[in-house]
>>> print(open('input.pdb').read())   # PDB, C-alpha atoms and all ligand atoms
ATOM      1  CA  MET A   2     -18.870   6.358 -24.652  1.00  0.00           C
ATOM      2  CA  SER A   3     -18.965   9.713 -26.455  1.00  0.00           C
ATOM      3  CA  THR A   4     -20.040  11.973 -23.576  1.00  0.00           C
ATOM      4  CA  SER A   5     -17.814  13.131 -20.764  1.00  0.00           C
ATOM      5  CA  ASP A   6     -18.355  11.684 -17.280  1.00  0.00           C
ATOM      6  CA  PHE A   7     -18.271  15.315 -16.127  1.00  0.00           C
ATOM      7  CA  ASP A   8     -21.172  16.380 -18.366  1.00  0.00           C
ATOM      8  CA  LEU A   9     -23.874  16.774 -15.718  1.00  0.00           C
ATOM      9  CA  LYS A  10     -26.722  15.607 -17.971  1.00  0.00           C
ATOM     10  CA  GLN A  11     -24.797  12.409 -18.625  1.00  0.00           C
ATOM     11  CA  GLN A  12     -23.528  12.100 -15.070  1.00  0.00           C
ATOM     12  CA  ASN A  13     -26.922  12.468 -13.378  1.00  0.00           C
ATOM     13  CA  ASN A  14     -28.314   9.573 -15.421  1.00  0.00           C
ATOM     14  CA  SER A  15     -25.362   7.227 -15.117  1.00  0.00           C
ATOM     15  CA  ILE A  16     -24.143   5.388 -12.038  1.00  0.00           C
ATOM     16  CA  GLU A  17     -20.871   4.644 -13.883  1.00  0.00           C
ATOM     17  CA  SER A  18     -20.212   8.361 -14.452  1.00  0.00           C
ATOM     18  CA  LYS A  19     -21.065   9.107 -10.814  1.00  0.00           C
ATOM     19  CA  ILE A  20     -18.509   6.499  -9.697  1.00  0.00           C
ATOM     20  CA  VAL A  21     -15.828   7.975 -12.006  1.00  0.00           C
ATOM     21  CA  ALA A  22     -16.597  11.507 -10.720  1.00  0.00           C
ATOM     22  CA  SER A  23     -16.492  10.236  -7.115  1.00  0.00           C
ATOM     23  CA  LEU A  24     -13.059   8.653  -7.671  1.00  0.00           C
ATOM     24  CA  GLU A  25     -11.873  11.988  -9.081  1.00  0.00           C
ATOM     25  CA  ARG A  26     -13.082  13.777  -5.915  1.00  0.00           C
ATOM     26  CA  ILE A  27     -11.271  11.247  -3.740  1.00  0.00           C
ATOM     27  CA  SER A  28      -8.046  11.661  -5.717  1.00  0.00           C
ATOM     28  CA  GLN A  29      -8.438  15.423  -5.154  1.00  0.00           C
ATOM     29  CA  ALA A  30      -8.792  14.766  -1.404  1.00  0.00           C
ATOM     30  CA  PHE A  31      -5.548  12.747  -1.426  1.00  0.00           C
ATOM     31  CA  ARG A  32      -3.763  15.640  -3.156  1.00  0.00           C
ATOM     32  CA  VAL A  33      -5.113  18.208  -0.663  1.00  0.00           C
ATOM     33  CA  LEU A  34      -4.283  16.099   2.412  1.00  0.00           C
ATOM     34  CA  LEU A  35      -0.801  15.270   1.104  1.00  0.00           C
ATOM     35  CA  TRP A  36      -0.150  18.935   0.312  1.00  0.00           C
ATOM     36  CA  GLN A  37      -1.282  20.067   3.792  1.00  0.00           C
ATOM     37  CA  GLU A  38       0.948  17.502   5.526  1.00  0.00           C
ATOM     38  CA  SER A  39       3.930  18.298   3.269  1.00  0.00           C
ATOM     39  CA  LYS A  40       3.681  22.020   4.054  1.00  0.00           C
ATOM     40  CA  LYS A  41       3.951  21.356   7.808  1.00  0.00           C
ATOM     41  CA  PHE A  42       7.473  19.998   7.255  1.00  0.00           C
ATOM     42  CA  SER A  43       8.476  22.325   4.370  1.00  0.00           C
ATOM     43  CA  LEU A  44       8.513  19.395   1.959  1.00  0.00           C
ATOM     44  CA  SER A  45       6.927  18.917  -1.465  1.00  0.00           C
ATOM     45  CA  PRO A  46       4.267  16.215  -2.013  1.00  0.00           C
ATOM     46  CA  ILE A  47       6.641  14.081  -4.121  1.00  0.00           C
ATOM     47  CA  GLN A  48       9.339  14.315  -1.428  1.00  0.00           C
ATOM     48  CA  VAL A  49       6.801  13.014   1.114  1.00  0.00           C
ATOM     49  CA  GLN A  50       5.641  10.227  -1.218  1.00  0.00           C
ATOM     50  CA  VAL A  51       9.229   9.109  -1.829  1.00  0.00           C
ATOM     51  CA  MET A  52      10.001   9.107   1.911  1.00  0.00           C
ATOM     52  CA  ILE A  53       6.894   7.019   2.684  1.00  0.00           C
ATOM     53  CA  PHE A  54       7.901   4.563  -0.046  1.00  0.00           C
ATOM     54  CA  LEU A  55      11.475   4.327   1.310  1.00  0.00           C
ATOM     55  CA  LEU A  56      10.201   3.625   4.828  1.00  0.00           C
ATOM     56  CA  HIS A  57       8.147   0.611   3.759  1.00  0.00           C
ATOM     57  CA  HIS A  58      10.098  -1.068   0.931  1.00  0.00           C
ATOM     58  CA  SER A  59      13.116  -3.330   0.673  1.00  0.00           C
ATOM     59  CA  GLU A  60      16.616  -2.385  -0.522  1.00  0.00           C
ATOM     60  CA  GLU A  61      16.198  -3.523  -4.128  1.00  0.00           C
ATOM     61  CA  LYS A  62      13.275  -1.105  -4.502  1.00  0.00           C
ATOM     62  CA  ARG A  63      15.102   1.831  -2.866  1.00  0.00           C
ATOM     63  CA  LYS A  64      16.976   2.832  -6.022  1.00  0.00           C
ATOM     64  CA  VAL A  65      16.532   5.794  -8.390  1.00  0.00           C
ATOM     65  CA  SER A  66      15.447   3.668 -11.383  1.00  0.00           C
ATOM     66  CA  TYR A  67      12.811   1.770  -9.353  1.00  0.00           C
ATOM     67  CA  LEU A  68      11.464   5.015  -7.839  1.00  0.00           C
ATOM     68  CA  ALA A  69      11.261   6.588 -11.316  1.00  0.00           C
ATOM     69  CA  ASP A  70       9.064   3.685 -12.513  1.00  0.00           C
ATOM     70  CA  GLU A  71       7.029   3.657  -9.299  1.00  0.00           C
ATOM     71  CA  PHE A  72       6.133   7.357  -9.527  1.00  0.00           C
ATOM     72  CA  ASN A  73       5.991   7.571 -13.359  1.00  0.00           C
ATOM     73  CA  MET A  74       8.764  10.167 -13.376  1.00  0.00           C
ATOM     74  CA  THR A  75      12.104  10.533 -15.120  1.00  0.00           C
ATOM     75  CA  LYS A  76      15.288   9.405 -13.353  1.00  0.00           C
ATOM     76  CA  ALA A  77      16.483  13.039 -13.503  1.00  0.00           C
ATOM     77  CA  THR A  78      13.416  14.262 -11.559  1.00  0.00           C
ATOM     78  CA  ILE A  79      13.774  11.542  -8.926  1.00  0.00           C
ATOM     79  CA  SER A  80      17.538  12.256  -8.648  1.00  0.00           C
ATOM     80  CA  ASP A  81      16.708  15.933  -7.957  1.00  0.00           C
ATOM     81  CA  THR A  82      14.201  14.890  -5.277  1.00  0.00           C
ATOM     82  CA  ILE A  83      16.800  12.610  -3.670  1.00  0.00           C
ATOM     83  CA  LYS A  84      19.428  15.381  -3.800  1.00  0.00           C
ATOM     84  CA  THR A  85      17.092  17.803  -1.979  1.00  0.00           C
ATOM     85  CA  LEU A  86      16.201  15.185   0.664  1.00  0.00           C
ATOM     86  CA  GLU A  87      19.927  14.515   1.177  1.00  0.00           C
ATOM     87  CA  GLN A  88      20.604  18.246   1.631  1.00  0.00           C
ATOM     88  CA  LYS A  89      17.868  18.293   4.293  1.00  0.00           C
ATOM     89  CA  ASN A  90      19.582  15.339   6.015  1.00  0.00           C
ATOM     90  CA  LEU A  91      16.469  13.162   5.579  1.00  0.00           C
ATOM     91  CA  ILE A  92      18.069  10.413   3.450  1.00  0.00           C
ATOM     92  CA  LYS A  93      21.566   9.040   2.852  1.00  0.00           C
ATOM     93  CA  LYS A  94      22.992   7.190  -0.122  1.00  0.00           C
ATOM     94  CA  ASP A  95      24.777   3.859   0.424  1.00  0.00           C
ATOM     95  CA  TYR A  96      26.914   3.162  -2.647  1.00  0.00           C
ATOM     96  CA  LEU A  97      27.212  -0.441  -3.863  1.00  0.00           C
ATOM     97  CA  LEU A  98      30.695  -1.987  -3.569  1.00  0.00           C
ATOM     98  CA  ASN A  99      30.654  -3.477  -7.101  1.00  0.00           C
ATOM     99  CA  ASP A 100      29.156  -0.404  -8.806  1.00  0.00           C
ATOM    100  CA  THR A 101      30.096   2.981  -7.393  1.00  0.00           C
ATOM    101  CA  ARG A 102      27.535   4.793  -9.611  1.00  0.00           C
ATOM    102  CA  SER A 103      24.554   2.955  -8.083  1.00  0.00           C
ATOM    103  CA  TYR A 104      23.310   3.419  -4.560  1.00  0.00           C
ATOM    104  CA  ILE A 105      20.593   2.337  -2.165  1.00  0.00           C
ATOM    105  CA  ILE A 106      18.626   5.176  -0.602  1.00  0.00           C
ATOM    106  CA  ASN A 107      18.067   4.947   3.148  1.00  0.00           C
ATOM    107  CA  LEU A 108      16.151   7.273   5.418  1.00  0.00           C
ATOM    108  CA  THR A 109      18.185   8.878   8.213  1.00  0.00           C
ATOM    109  CA  LYS A 110      16.858   8.764  11.796  1.00  0.00           C
ATOM    110  CA  LYS A 111      15.495  12.303  11.274  1.00  0.00           C
ATOM    111  CA  GLY A 112      13.922  11.186   7.962  1.00  0.00           C
ATOM    112  CA  GLU A 113      12.287   8.173   9.622  1.00  0.00           C
ATOM    113  CA  ALA A 114      10.840  10.284  12.444  1.00  0.00           C
ATOM    114  CA  ILE A 115       9.289  12.780   9.987  1.00  0.00           C
ATOM    115  CA  THR A 116       8.004  10.011   7.699  1.00  0.00           C
ATOM    116  CA  ASP A 117       6.273   8.301  10.639  1.00  0.00           C
ATOM    117  CA  LYS A 118       4.296  11.513  11.163  1.00  0.00           C
ATOM    118  CA  VAL A 119       3.538  12.504   7.546  1.00  0.00           C
ATOM    119  CA  SER A 120       2.443   9.009   6.566  1.00  0.00           C
ATOM    120  CA  LEU A 121      -0.683   9.508   8.695  1.00  0.00           C
ATOM    121  CA  PHE A 122      -2.014  12.029   6.134  1.00  0.00           C
ATOM    122  CA  THR A 123      -4.698   9.534   4.986  1.00  0.00           C
ATOM    123  CA  LYS A 124      -6.521   9.361   8.329  1.00  0.00           C
ATOM    124  CA  GLU A 125      -9.539  11.456   7.198  1.00  0.00           C
ATOM    125  CA  ILE A 126     -10.048   9.096   4.248  1.00  0.00           C
ATOM    126  CA  ARG A 127      -9.713   6.090   6.533  1.00  0.00           C
ATOM    127  CA  THR A 128     -12.480   7.243   8.928  1.00  0.00           C
ATOM    128  CA  PRO A 129     -15.551   6.539   6.694  1.00  0.00           C
ATOM    129  CA  ILE A 130     -13.928   3.299   5.483  1.00  0.00           C
ATOM    130  CA  ASN A 131     -13.616   2.123   9.094  1.00  0.00           C
ATOM    131  CA  ASN A 132     -17.371   2.618   9.451  1.00  0.00           C
ATOM    132  CA  LEU A 133     -18.377   0.402   6.505  1.00  0.00           C
ATOM    133  CA  HIS A 134     -19.805  -3.069   7.070  1.00  0.00           C
ATOM    134  CA  GLN A 135     -17.302  -5.873   6.499  1.00  0.00           C
ATOM    135  CA  GLU A 136     -19.095  -7.117   3.358  1.00  0.00           C
ATOM    136  CA  ASP A 137     -19.113  -3.596   1.870  1.00  0.00           C
ATOM    137  CA  LYS A 138     -15.385  -3.261   2.605  1.00  0.00           C
ATOM    138  CA  GLU A 139     -14.667  -6.544   0.801  1.00  0.00           C
ATOM    139  CA  ASN A 140     -16.793  -5.560  -2.231  1.00  0.00           C
ATOM    140  CA  LEU A 141     -15.143  -2.147  -2.351  1.00  0.00           C
ATOM    141  CA  LEU A 142     -11.654  -3.682  -2.148  1.00  0.00           C
ATOM    142  CA  LEU A 143     -12.413  -6.152  -4.955  1.00  0.00           C
ATOM    143  CA  SER A 144     -13.856  -3.414  -7.170  1.00  0.00           C
ATOM    144  CA  LEU A 145     -10.860  -1.146  -6.609  1.00  0.00           C
ATOM    145  CA  LEU A 146      -8.408  -3.995  -7.276  1.00  0.00           C
ATOM    146  CA  ASN A 147     -10.199  -4.700 -10.569  1.00  0.00           C
ATOM    147  CA  ILE A 148     -10.010  -1.017 -11.582  1.00  0.00           C
ATOM    148  CA  ILE A 149      -6.290  -0.881 -10.717  1.00  0.00           C
ATOM    149  CA  ARG A 150      -5.653  -4.143 -12.602  1.00  0.00           C
ATOM    150  CA  HIS A 151      -7.366  -2.715 -15.694  1.00  0.00           C
ATOM    151  CA  LEU A 152      -5.329   0.519 -15.472  1.00  0.00           C
ATOM    152  CA  ASN A 153      -2.162  -1.556 -15.167  1.00  0.00           C
ATOM    153  CA  LYS A 154      -3.054  -3.719 -18.191  1.00  0.00           C
ATOM    154  CA  SER A 155      -3.810  -0.559 -20.198  1.00  0.00           C
ATOM    155  CA  GLU A 156      -0.376   0.800 -19.141  1.00  0.00           C
ATOM    156  CA  VAL A 157      -1.873   3.873 -17.470  1.00  0.00           C
ATOM    157  CA  ILE A 158      -0.067   2.920 -14.257  1.00  0.00           C
ATOM    158  CA  THR A 159       3.107   0.905 -14.512  1.00  0.00           C
ATOM    159  CA  VAL A 160       4.532  -0.789 -11.428  1.00  0.00           C
ATOM    160  CA  GLN A 161       2.064  -3.014  -9.596  1.00  0.00           C
ATOM    161  CA  ARG A 162       2.667  -5.459  -6.773  1.00  0.00           C
ATOM    162  CA  MET A 163      -0.912  -6.711  -6.307  1.00  0.00           C
ATOM    163  CA  CYS A 164      -2.099 -10.328  -6.246  1.00  0.00           C
ATOM    164  CA  MET A 165      -4.020 -10.070  -9.509  1.00  0.00           C
ATOM    165  CA  SER A 166      -0.864  -9.204 -11.482  1.00  0.00           C
ATOM    166  CA  CYS A 167       1.302 -11.790  -9.704  1.00  0.00           C
ATOM    167  CA  ALA A 168       2.707 -14.962 -11.274  1.00  0.00           C
ATOM    168  CA  TYR A 169       1.864 -16.853  -8.058  1.00  0.00           C
ATOM    169  CA  TYR A 170      -1.819 -15.853  -8.186  1.00  0.00           C
ATOM    170  CA  GLN A 171      -4.578 -18.089  -9.482  1.00  0.00           C
ATOM    171  CA  SER A 172      -8.327 -17.632  -9.355  1.00  0.00           C
ATOM    172  CA  SER A 173     -11.231 -19.999  -9.848  1.00  0.00           C
ATOM    173  CA  ASP A 174     -13.118 -19.954 -13.182  1.00  0.00           C
ATOM    174  CA  LYS A 175     -15.512 -17.199 -12.085  1.00  0.00           C
ATOM    175  CA  GLY A 176     -12.841 -15.272 -10.168  1.00  0.00           C
ATOM    176  CA  GLN A 177     -14.667 -15.805  -6.884  1.00  0.00           C
ATOM    177  CA  LYS A 178     -11.871 -17.749  -5.195  1.00  0.00           C
ATOM    178  CA  HIS A 179      -8.235 -16.782  -4.975  1.00  0.00           C
ATOM    179  CA  PHE A 180      -5.079 -18.819  -4.404  1.00  0.00           C
ATOM    180  CA  CYS A 181      -1.391 -17.987  -3.810  1.00  0.00           C
ATOM    181  CA  LYS A 182       0.976 -20.664  -5.132  1.00  0.00           C
ATOM    182  CA  LEU A 183       3.885 -19.215  -3.139  1.00  0.00           C
ATOM    183  CA  LEU A 184       2.097 -19.368   0.208  1.00  0.00           C
ATOM    184  CA  ASN A 185       0.289 -22.493  -1.039  1.00  0.00           C
ATOM    185  CA  GLN A 186      -2.980 -21.346   0.435  1.00  0.00           C
ATOM    186  CA  GLU A 187      -6.383 -20.027  -0.524  1.00  0.00           C
ATOM    187  CA  LEU A 188      -6.675 -16.271  -0.060  1.00  0.00           C
ATOM    188  CA  GLN A 189      -9.795 -14.700   1.385  1.00  0.00           C
ATOM    189  CA  VAL A 190     -10.729 -11.278  -0.028  1.00  0.00           C
ATOM    190  CA  THR A 191      -9.196  -9.709   3.080  1.00  0.00           C
ATOM    191  CA  ASP A 192      -5.909 -11.556   2.335  1.00  0.00           C
ATOM    192  CA  LEU A 193      -5.558 -10.100  -1.194  1.00  0.00           C
ATOM    193  CA  ARG A 194      -2.576  -7.767  -1.279  1.00  0.00           C
ATOM    194  CA  ILE A 195      -2.178  -4.437  -3.032  1.00  0.00           C
ATOM    195  CA  ASP A 196       1.567  -4.190  -2.320  1.00  0.00           C
ATOM    196  CA  CYS A 197       3.161  -7.574  -1.656  1.00  0.00           C
ATOM    197  CA  PRO A 198       6.917  -7.906  -0.933  1.00  0.00           C
ATOM    198  CA  GLU A 199       6.946 -11.354  -2.632  1.00  0.00           C
ATOM    199  CA  HIS A 200       5.091 -10.196  -5.768  1.00  0.00           C
ATOM    200  CA  GLU A 201       6.430 -11.636  -9.024  1.00  0.00           C
ATOM    201  CA  MET A 202       5.168  -9.887 -12.177  1.00  0.00           C
ATOM    202  CA  LYS A 203       3.009 -12.169 -14.305  1.00  0.00           C
ATOM    203  CA  LYS A 204       4.167 -12.478 -17.923  1.00  0.00           C
ATOM    204  CA  GLN A 205       1.413 -10.960 -20.076  1.00  0.00           C
ATOM    205  CA  ASN A 206       0.730 -14.040 -22.246  1.00  0.00           C
ATOM    206  CA  LEU A 207       1.430 -16.682 -19.635  1.00  0.00           C
ATOM    207  CA  ASN A 208      -1.192 -19.383 -20.041  1.00  0.00           C
ATOM    208  CA  VAL A 209      -2.061 -20.339 -16.487  1.00  0.00           C
ATOM    209  CA  ASN A 210      -4.702 -22.943 -15.842  1.00  0.00           C
ATOM    210  CA  PRO A 211      -7.244 -21.766 -13.305  1.00  0.00           C
ATOM    211  CA  TYR A 212      -6.744 -23.295  -9.907  1.00  0.00           C
ATOM    212  CA  THR A 213      -9.277 -26.020  -9.224  1.00  0.00           C
ATOM    213  CA  PHE A 214     -11.132 -25.539  -5.951  1.00  0.00           C
TER     214      PHE A 214
HETATM  215  S1  LIG A 301       3.042 -13.776  -3.721  1.00  0.00           S
HETATM  216 FE1  LIG A 301       1.993 -12.025  -2.803  1.00  0.00          FE
HETATM  217  S2  LIG A 301       1.112 -10.914  -4.547  1.00  0.00           S
HETATM  218 FE2  LIG A 301       1.655 -12.965  -5.256  1.00  0.00          FE
HETATM  219  S3  LIG A 301      -0.282 -14.115  -5.065  1.00  0.00           S
HETATM  220 FE3  LIG A 301       0.968 -14.481  -3.235  1.00  0.00          FE
HETATM  221  S4  LIG A 301       0.222 -12.958  -1.738  1.00  0.00           S
HETATM  222 FE4  LIG A 301      -0.472 -12.304  -3.775  1.00  0.00          FE
END
>>> encode(input="input.pdb", output="C-alpha cells")
Amino acid sequence: MSTSDFDLKQQNNSIESKIVASLERISQAFRVLLWQESKKFSLSPIQVQVMIFLLHHSEEKRKVSYLADEFNMTKATISDTIKTLEQKNLIKKDYLLNDTRSYIINLTKKGEAITDKVSLFTKEIRTPINNLHQEDKENLLLSLLNIIRHLNKSEVITVQRMCMSCAYYQSSDKGQKHFCKLLNQELQVTDLRIDCPEHEMKKQNLNVNPYTF
C-alpha cells in the first residue's frame, strides 16, 4: 500500500482504511477518557495504567522489569512512576528476602480504593459494545485478537498473554475451533482470553500439530 489510510480519497474508497481510521479514533477515545479520569485524582495516565495493572495481576508480574516490558517503557521511567506513587502512599514496595534490590509492588488500601474507581474509565466505550448482537461481538473479538496477534508477531507490541500466542493453545486447520491443552477443553469464542494468568508464551518456531476435532 503506497497511500496513507488518512488520505481521504483513499479512505473513502477503502473499507480497510476506514477500519484503520476507526481504530485510531477509538484509541484517541481511550486516551481522552483515561486523561479525564486521571485528572480527577491528580494522577498521570501512566500512573493510572500501572495501578490498574497492579490491581489485577499476580506477584511475579508486579515488578519493575515486567512493568517496563508491559508498557513498552524503560525501567528508569517505570521506577520514577513507582517512586511518585509511593510518595502519594498509593503503593508500597515489598523487598525480596534473597535479593534486597528487587521488590514486589503492592497497592496500599488507599491505592486499591482509587484504582477501583479509575478503572471504570472505559464505561463509555463499553456501552455500544453491550448493545451489539452476540454474533457481532464474537466476530469483533476474533478480528481484534487477530490484529493484536499480528502486531505481537511484528514486535509492535511486546508482552501478550492471549490464547493465540500461548503454548497451550491449538486451533483446527481452518482456525475455526480452539482448544486449550492446559484446561484440556475446547474453547468457544467467548472463552478465548486476552489476558490469561496461566498463559505460557509460545516459542516462535515451535512446530505444533493442529488439534484434531
Ligand atoms: S492457558 Fe490460558 S491463554 Fe493458554 S490456551 Fe489456555 S486459556 Fe488460553
>>> closest_atom_pairs(input="input.pdb", of="chain A", to="ligand LIG 301 (chain A)", cutoff="7 Å", atoms="all atoms listed in the file", output="tab-separated table")
residue	atom	partner	partner_atom	distance
A:Arg162	CA	A:LIG301	S2	6.1
A:Met163	CA	A:LIG301	S2	5.0
A:Cys164	CA	A:LIG301	FE4	3.6
A:Cys167	CA	A:LIG301	FE2	4.6
A:Ala168	CA	A:LIG301	FE2	6.4
A:Tyr169	CA	A:LIG301	S3	4.6
A:Tyr170	CA	A:LIG301	S3	3.9
A:Phe180	CA	A:LIG301	S3	6.8
A:Cys181	CA	A:LIG301	S3	4.2
A:Lys182	CA	A:LIG301	FE3	6.5
A:Leu183	CA	A:LIG301	S1	5.5
A:Leu184	CA	A:LIG301	FE3	6.1
A:Leu193	CA	A:LIG301	FE4	6.1
A:Arg194	CA	A:LIG301	FE4	5.6
A:Cys197	CA	A:LIG301	FE1	4.7
A:Pro198	CA	A:LIG301	FE1	6.7
A:Glu199	CA	A:LIG301	S1	4.7
A:His200	CA	A:LIG301	S2	4.2
A:Glu201	CA	A:LIG301	FE2	6.2
>>> atom_distance(input="input.pdb", atom1="atom CA of Ile195 of chain A", atom2="atom CA of Leu35 of chain A")
20.2 Å
>>> resolve_selection(input="input.pdb", expression="the PyMOL selection byres (((chain A and resi 112-123) around 7) and not hetatm)", output="list of chain:residue names")
A:Leu34, A:Leu35, A:Glu38, A:Met52, A:Ile53, A:Leu56, A:Leu91, A:Ile92, A:Leu108, A:Thr109, A:Lys110, A:Lys111, A:Lys124, A:Glu125, A:Ile126, A:Arg127
>>> atom_distance(input="input.pdb", atom1="atom CA of Phe72 of chain A", atom2="atom CA of Glu60 of chain A")
16.9 Å
>>> atom_distance(input="input.pdb", atom1="atom CA of Asn140 of chain A", atom2="atom CA of Asn13 of chain A")
23.5 Å
>>> axis_aligned_box(input="input.pdb", around="segment 71-87 of chain A", padding_each_side="6 Å", output="lines of an AutoDock Vina configuration file")
center_x = 13.0
center_y = 10.7
center_z = -7.0
size_x = 25.9
size_y = 26.1
size_z = 28.3
>>> residues_around(input="input.pdb", residues="Asp95 of chain A", least_positions_apart="4", cutoff="9 Å", atoms="all atoms listed in the file", output="list of chain:residue names")
A:Ser103, A:Tyr104, A:Ile105, A:Ile106, A:Asn107
>>> closest_residue(input="input.pdb", among="A:Leu86, A:Ile149, A:Leu97, A:Leu142", to="Phe42 of chain A", atoms="only C-alpha atoms")
A:Leu86
>>> residues_near_point(input="input.pdb", point="(-9.9, -16.5, -5.5)", cutoff="10 Å", atoms="all atoms listed in the file", output="mmCIF file with C-alpha atoms, in the coordinates of the input")
data_model
loop_
_atom_site.group_PDB
_atom_site.id
_atom_site.type_symbol
_atom_site.label_atom_id
_atom_site.label_comp_id
_atom_site.auth_asym_id
_atom_site.auth_seq_id
_atom_site.Cartn_x
_atom_site.Cartn_y
_atom_site.Cartn_z
ATOM 1 C CA CYS A 164 -2.099 -10.328 -6.246
ATOM 2 C CA MET A 165 -4.020 -10.070 -9.509
ATOM 3 C CA TYR A 170 -1.819 -15.853 -8.186
ATOM 4 C CA GLN A 171 -4.578 -18.089 -9.482
ATOM 5 C CA SER A 172 -8.327 -17.632 -9.355
ATOM 6 C CA SER A 173 -11.231 -19.999 -9.848
ATOM 7 C CA ASP A 174 -13.118 -19.954 -13.182
ATOM 8 C CA LYS A 175 -15.512 -17.199 -12.085
ATOM 9 C CA GLY A 176 -12.841 -15.272 -10.168
ATOM 10 C CA GLN A 177 -14.667 -15.805 -6.884
ATOM 11 C CA LYS A 178 -11.871 -17.749 -5.195
ATOM 12 C CA HIS A 179 -8.235 -16.782 -4.975
ATOM 13 C CA PHE A 180 -5.079 -18.819 -4.404
ATOM 14 C CA CYS A 181 -1.391 -17.987 -3.810
ATOM 15 C CA GLU A 187 -6.383 -20.027 -0.524
ATOM 16 C CA LEU A 188 -6.675 -16.271 -0.060
ATOM 17 C CA GLN A 189 -9.795 -14.700 1.385
ATOM 18 C CA VAL A 190 -10.729 -11.278 -0.028
ATOM 19 C CA LEU A 193 -5.558 -10.100 -1.194
ATOM 20 C CA PRO A 211 -7.244 -21.766 -13.305
ATOM 21 C CA TYR A 212 -6.744 -23.295 -9.907
ATOM 22 C CA PHE A 214 -11.132 -25.539 -5.951
#
>>> residues_near_point(input="input.pdb", point="(2.7, 0.3, -12.0)", cutoff="10 Å", atoms="only C-alpha atoms", output="count of residues only")
17
>>> closest_residue(input="input.pdb", among="A:Asn99, A:His57, A:Ser23, A:Val51", to="Ile83 of chain A", atoms="only C-alpha atoms")
A:Val51
>>> closest_residue(input="input.pdb", among="A:Leu24, A:Asn14, A:Val49, A:Trp36", to="Leu145 of chain A", atoms="only C-alpha atoms")
A:Leu24
>>> resolve_selection(input="input.pdb", expression="the PyMOL selection byres (((chain A and resi 22) around 12) and not hetatm)", output="JSON, numbers by chain")
{"A": [5, 6, 7, 8, 9, 11, 12, 13, 15, 16, 17, 18, 19, 20, 21, 23, 24, 25, 26, 27, 28, 29]}
>>> resolve_selection(input="input.pdb", expression="the PyMOL selection byres (((chain A and resi 65) around 8) and not hetatm)", output="PyMOL selection string")
chain A and resi 63-64+66-69+76+79-80
>>> decode(input="input.pdb", residues="segment 24-37 of chain A", atoms="N, CA and C atoms", output="CSV table (one decimal), in the first residue's frame")
chain,number,residue,atom,x,y,z
A,24,LEU,N,-10.1,2.6,14.2
A,24,LEU,CA,-9.3,2.1,15.3
A,24,LEU,C,-8.5,3.3,15.9
A,25,GLU,N,-8.1,4.2,15.1
A,25,GLU,CA,-7.3,5.3,15.5
A,25,GLU,C,-8.2,6.2,16.4
A,26,ARG,N,-9.5,6.4,15.9
A,26,ARG,CA,-10.4,7.3,16.7
A,26,ARG,C,-10.7,6.6,18.1
A,27,ILE,N,-10.8,5.3,18.1
A,27,ILE,CA,-11.1,4.6,19.3
A,27,ILE,C,-9.9,4.7,20.3
A,28,SER,N,-8.7,4.6,19.7
A,28,SER,CA,-7.5,4.8,20.6
A,28,SER,C,-7.5,6.2,21.2
A,29,GLN,N,-7.9,7.2,20.4
A,29,GLN,CA,-8.0,8.5,20.8
A,29,GLN,C,-9.0,8.7,22.0
A,30,ALA,N,-10.1,8.0,21.9
A,30,ALA,CA,-11.1,8.0,22.9
A,30,ALA,C,-10.6,7.4,24.2
A,31,PHE,N,-9.8,6.3,24.1
A,31,PHE,CA,-9.2,5.7,25.3
A,31,PHE,C,-8.3,6.7,26.0
A,32,ARG,N,-7.5,7.5,25.2
A,32,ARG,CA,-6.6,8.4,25.7
A,32,ARG,C,-7.3,9.6,26.5
A,33,VAL,N,-8.4,10.0,25.8
A,33,VAL,CA,-9.2,11.1,26.4
A,33,VAL,C,-9.8,10.7,27.7
A,34,LEU,N,-10.5,9.5,27.7
A,34,LEU,CA,-11.2,9.0,28.9
A,34,LEU,C,-10.2,8.8,30.0
A,35,LEU,N,-9.0,8.2,29.7
A,35,LEU,CA,-8.0,7.9,30.7
A,35,LEU,C,-7.5,9.2,31.3
A,36,TRP,N,-7.3,10.2,30.4
A,36,TRP,CA,-6.8,11.5,30.9
A,36,TRP,C,-7.8,12.2,31.8
A,37,GLN,N,-9.1,12.1,31.4
A,37,GLN,CA,-10.1,12.8,32.3
A,37,GLN,C,-10.2,12.1,33.6
